[in-house]
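Worksheet: the structure to be examined is printed underneath.
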Amino acid sequence: MGKKVIETIKNADKTLFSFELLPPPKGQGIEYIYKIMDSLIEFNPAYVNITYHQEEVVYRKVKGNLLERRVVWKRPGTVAISAAIKYKYGVMVVPHLICGGFTREETENALIDLNFLDIHNVLVVRGDPLPGSKVFIPEEGGHVHAIDLVKQVIDLNKGIYIDPELINPQPTDFSVGVAGYSEKHPESPNFESDIHFLKKKVEAGAEYIVTQMFFDNRKFFEFEKRCREAGINVPVIPGIKPVSTRKQLTYLPKTFNIDMPEDLVKEILKCKNNEEVYELGIEWGIRQVRELMDHGVPVIHFYTMGRTDNVRRIAEEVF
C-alpha cells in the first residue's frame, strides 16, 4: 500500500473500506481510540480519517451570577492520535485540517509536525461555525475558505513557507482531499455555485473528494454526474452513516443539511423502539453500500460518530 490515499485508490482493484474517527473528549485516554480501531481493523481499512475540532467558547457562572467567558478545547490531540494509529496499526491516516480556530502559522506548524511523522495525507475542510453562531468566523490571521487552506498545503509541497527568509526550505509531499456535498453546501446559493467552487479546490491541488453523509444513493449519483459534467475528474468517495436511533430522523437532516428518503423515513416510523431502528439502519446501509459498490465507487467511507458496532455489521456483509 502506498503512502497516499490517491495512490492507493489508483492501485486498487476493488472498492476500498475506510472510516472516520473522532478524537476522544478531553480527559479521555487513547484506549477509546484503540477500542474503535480493534473493532474494525480486520476489514483492512485503506486509511483512517481523524477529525480536527476548533476551540469552543463556553460561559460559566461565577460569583454574583456573572458569566465568565472561557475558551476550551473539547477534543484535542489529532496529530498525536494520527501518529499513534499509524505506528500501532500500520494503517494510513488522514488527519483533518480546518480553517476555524487556526492561524496560517499554526496550520504550517501542524503540517510540519505531520511531515516529520511521515504522514502525507490531509483532508482539508473549512469547518463549521461555532455552536450558537450562524456564520463562520475565521481566526485572525487564518483562512476564510477551504481553498486557501488547500493552497497553503500545496505551497508547502513546493517548499514555499510563510517565512520567506528560510534558508533551503524543504518541500513537503502531502496528498490533499476535500469535502463535497451531494445535497449542496447549506451556504451555497445553488448547486452550480457549489460545484464551481469545488472545482476551484481541485484546480488548486485537491486530488479526491469525500462527500458529506447521505442516505439516498440517487443524490450521490447526481452529484457525481454534476462533477464530471463540470470537468471534475478526481475520485469522488461516498460518505455513509448508518442511522441508529429514531431521534436521528430529525437530528441528522437538521445538523448536516440532508434529506432522508421517504422509504427510509416510513420504515423508521414503523419501528417500535431504537433497537428496531438500529437493525433497520444496518439493513439500509448494506443495501446502500452494495449499490454503491456495484456502481464502482473507489472507497466506501464510514462516519462512525463514536459508534462502530453497526459499521462492523455492514462491513461483515460487504467487505
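Lettering and numbering for the C-alpha cells are positional, with chains as A, B, ... in the shown order, residues counted from 1 in each chain, and ligands counted from 1 in the shown order.
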Assign secondary structure with DSSP using the backbone only, and return the residues of range 116-183 of chain A in helix (DSSP H, G or I) as a PDB file with N, CA and C atoms, in the first residue's frame.
```pdb
ATOM      1  N   PHE A 116       7.102  15.457   9.682  1.00  0.00           N
ATOM      2  CA  PHE A 116       8.130  14.794  10.499  1.00  0.00           C
ATOM      3  C   PHE A 116       7.704  13.373  10.872  1.00  0.00           C
ATOM      4  N   ALA A 146     -11.827  27.028   2.464  1.00  0.00           N
ATOM      5  CA  ALA A 146     -11.029  25.812   2.375  1.00  0.00           C
ATOM      6  C   ALA A 146     -10.020  25.882   1.231  1.00  0.00           C
ATOM      7  N   ILE A 147     -10.367  26.559   0.146  1.00  0.00           N
ATOM      8  CA  ILE A 147      -9.443  26.635  -0.986  1.00  0.00           C
ATOM      9  C   ILE A 147      -8.135  27.315  -0.586  1.00  0.00           C
ATOM     10  N   ASP A 148      -8.206  28.292   0.323  1.00  0.00           N
ATOM     11  CA  ASP A 148      -6.989  28.961   0.784  1.00  0.00           C
ATOM     12  C   ASP A 148      -6.117  28.003   1.594  1.00  0.00           C
ATOM     13  N   LEU A 149      -6.755  27.110   2.319  1.00  0.00           N
ATOM     14  CA  LEU A 149      -6.035  26.096   3.075  1.00  0.00           C
ATOM     15  C   LEU A 149      -5.388  25.085   2.125  1.00  0.00           C
ATOM     16  N   VAL A 150      -6.119  24.708   1.071  1.00  0.00           N
ATOM     17  CA  VAL A 150      -5.544  23.827   0.046  1.00  0.00           C
ATOM     18  C   VAL A 150      -4.290  24.467  -0.548  1.00  0.00           C
ATOM     19  N   LYS A 151      -4.396  25.738  -0.868  1.00  0.00           N
ATOM     20  CA  LYS A 151      -3.253  26.434  -1.481  1.00  0.00           C
ATOM     21  C   LYS A 151      -2.053  26.485  -0.545  1.00  0.00           C
ATOM     22  N   GLN A 152      -2.304  26.632   0.769  1.00  0.00           N
ATOM     23  CA  GLN A 152      -1.184  26.657   1.705  1.00  0.00           C
ATOM     24  C   GLN A 152      -0.475  25.306   1.737  1.00  0.00           C
ATOM     25  N   VAL A 153      -1.242  24.228   1.714  1.00  0.00           N
ATOM     26  CA  VAL A 153      -0.626  22.891   1.704  1.00  0.00           C
ATOM     27  C   VAL A 153       0.182  22.692   0.429  1.00  0.00           C
ATOM     28  N   ILE A 154      -0.376  23.085  -0.700  1.00  0.00           N
ATOM     29  CA  ILE A 154       0.322  22.917  -1.978  1.00  0.00           C
ATOM     30  C   ILE A 154       1.572  23.792  -2.032  1.00  0.00           C
ATOM     31  N   ASP A 155       1.494  24.995  -1.472  1.00  0.00           N
ATOM     32  CA  ASP A 155       2.681  25.844  -1.394  1.00  0.00           C
ATOM     33  C   ASP A 155       3.784  25.153  -0.600  1.00  0.00           C
ATOM     34  N   LEU A 156       3.408  24.520   0.512  1.00  0.00           N
ATOM     35  CA  LEU A 156       4.401  23.822   1.324  1.00  0.00           C
ATOM     36  C   LEU A 156       5.009  22.661   0.543  1.00  0.00           C
ATOM     37  N   ASN A 157       4.192  22.012  -0.292  1.00  0.00           N
ATOM     38  CA  ASN A 157       4.725  20.950  -1.163  1.00  0.00           C
ATOM     39  C   ASN A 157       5.766  21.487  -2.149  1.00  0.00           C
TER      40      ASN A 157
END
```
Closest contacts (range 82-158 of chain A/range 3-7 of chain A, max 9 Å, only C-alpha atoms) as JSON lines:
```
{"residue": "A:Met92", "atom": "CA", "partner": "A:Lys3", "partner_atom": "CA", "distance": 6.9}
{"residue": "A:Val93", "atom": "CA", "partner": "A:Val5", "partner_atom": "CA", "distance": 8.9}
{"residue": "A:Val94", "atom": "CA", "partner": "A:Val5", "partner_atom": "CA", "distance": 8.3}
{"residue": "A:Asp118", "atom": "CA", "partner": "A:Lys3", "partner_atom": "CA", "distance": 8.7}
{"residue": "A:Ile119", "atom": "CA", "partner": "A:Lys3", "partner_atom": "CA", "distance": 7.9}
{"residue": "A:His120", "atom": "CA", "partner": "A:Lys4", "partner_atom": "CA", "distance": 6.4}
{"residue": "A:Asn121", "atom": "CA", "partner": "A:Lys4", "partner_atom": "CA", "distance": 6.0}
```
Which polymer residues have any atom within 10 Å of an atom of Val125 in chain A, counting only C-alpha atoms, with same-chain residues fewer than 5 positions away left out, as an MDAnalysis selection string?
-> chainID A and resid 51:52 96:100 145:147 149:150 177:180
Dump C-alpha atoms for the selected residues as an mmCIF file, in the first residue's frame?
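So again08.cif came out as:
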```cif
data_model
loop_
_atom_site.group_PDB
_atom_site.id
_atom_site.type_symbol
_atom_site.label_atom_id
_atom_site.label_comp_id
_atom_site.auth_asym_id
_atom_site.auth_seq_id
_atom_site.Cartn_x
_atom_site.Cartn_y
_atom_site.Cartn_z
ATOM 1 C CA THR A 51 -11.198 14.807 12.644
ATOM 2 C CA TYR A 52 -9.949 18.145 13.944
ATOM 3 C CA HIS A 96 -8.268 16.762 9.003
ATOM 4 C CA LEU A 97 -7.102 20.346 8.635
ATOM 5 C CA ILE A 98 -9.654 23.075 9.332
ATOM 6 C CA CYS A 99 -9.742 26.833 8.917
ATOM 7 C CA GLY A 100 -11.668 27.637 12.087
ATOM 8 C CA HIS A 145 -12.202 29.393 2.793
ATOM 9 C CA ALA A 146 -11.029 25.812 2.375
ATOM 10 C CA ILE A 147 -9.443 26.635 -0.986
ATOM 11 C CA LEU A 149 -6.035 26.096 3.075
ATOM 12 C CA VAL A 150 -5.544 23.827 0.046
ATOM 13 C CA GLY A 177 -8.564 15.619 -0.138
ATOM 14 C CA VAL A 178 -11.537 17.976 0.155
ATOM 15 C CA ALA A 179 -15.180 17.719 1.179
ATOM 16 C CA GLY A 180 -18.095 17.651 -1.241
#
```
Of the listed residues A:Val297, A:Met305, A:Met260, A:Leu117, that which approaches Val234 in chain A most closely, counting only C-alpha atoms =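 Distance minimum relative to Val234 in chain A lands on A:Val297.
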Do a neighbour search on Ile9 in chain A at 12 Å with only C-alpha atoms, toss out local chain neighbours closer than 2 positions, and write the hits as a ChimeraX atom specification.
-> /A:1-7,11-18,46-47,207-208,234-237,296-300
Generate the output file for the selected residues, C-alpha atoms, as a short mmCIF file (atom, residue, chain, number, x, y, z; two decimals), in the first residue's frame.
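Dumped to out31.cif:
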```cif
data_model
loop_
_atom_site.label_atom_id
_atom_site.label_comp_id
_atom_site.auth_asym_id
_atom_site.auth_seq_id
_atom_site.Cartn_x
_atom_site.Cartn_y
_atom_site.Cartn_z
CA MET A 1 0.00 0.00 0.00
CA GLY A 2 1.31 3.43 -0.89
CA LYS A 3 1.80 6.37 1.40
CA LYS A 4 -1.02 8.36 -0.15
CA VAL A 5 -4.75 7.92 -0.48
CA ILE A 6 -4.72 8.80 -4.18
CA GLU A 7 -2.01 6.20 -4.91
CA ASN A 11 -3.73 0.85 -7.47
CA ALA A 12 -6.87 -0.82 -6.08
CA ASP A 13 -8.80 -3.46 -8.00
CA LYS A 14 -11.90 -3.27 -5.80
CA THR A 15 -13.85 -0.85 -3.63
CA LEU A 16 -11.88 0.03 -0.50
CA PHE A 17 -13.04 0.42 3.10
CA SER A 18 -12.27 3.47 5.24
CA ALA A 46 -7.26 1.57 3.30
CA TYR A 47 -6.99 4.60 5.56
CA GLU A 207 -6.76 15.04 -5.52
CA TYR A 208 -10.03 13.49 -4.35
CA VAL A 234 -10.80 13.22 -9.44
CA PRO A 235 -12.20 10.27 -7.43
CA VAL A 236 -15.46 11.01 -5.60
CA ILE A 237 -15.79 8.99 -2.38
CA GLY A 296 -17.85 1.21 -8.94
CA VAL A 297 -17.09 3.80 -6.26
CA PRO A 298 -13.40 3.79 -5.24
CA VAL A 299 -13.98 3.76 -1.47
CA ILE A 300 -16.85 3.43 0.99
#
```
Out of A:Ile41, A:Leu249, A:Ile195, A:Val277, which residue has the shortest atom-to-atom distance to Phe19 in chain A when counting only C-alpha atoms?
-> A:Ile41
Nearest to Leu40 in chain A by atom-to-atom distance, counting only C-alpha atoms, from A:Tyr181, A:Glu108, A:Val91, A:Ser82 |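 Ranking A:Tyr181, A:Glu108, A:Val91, A:Ser82 by distance to Leu40 in chain A, first place goes to A:Val91.
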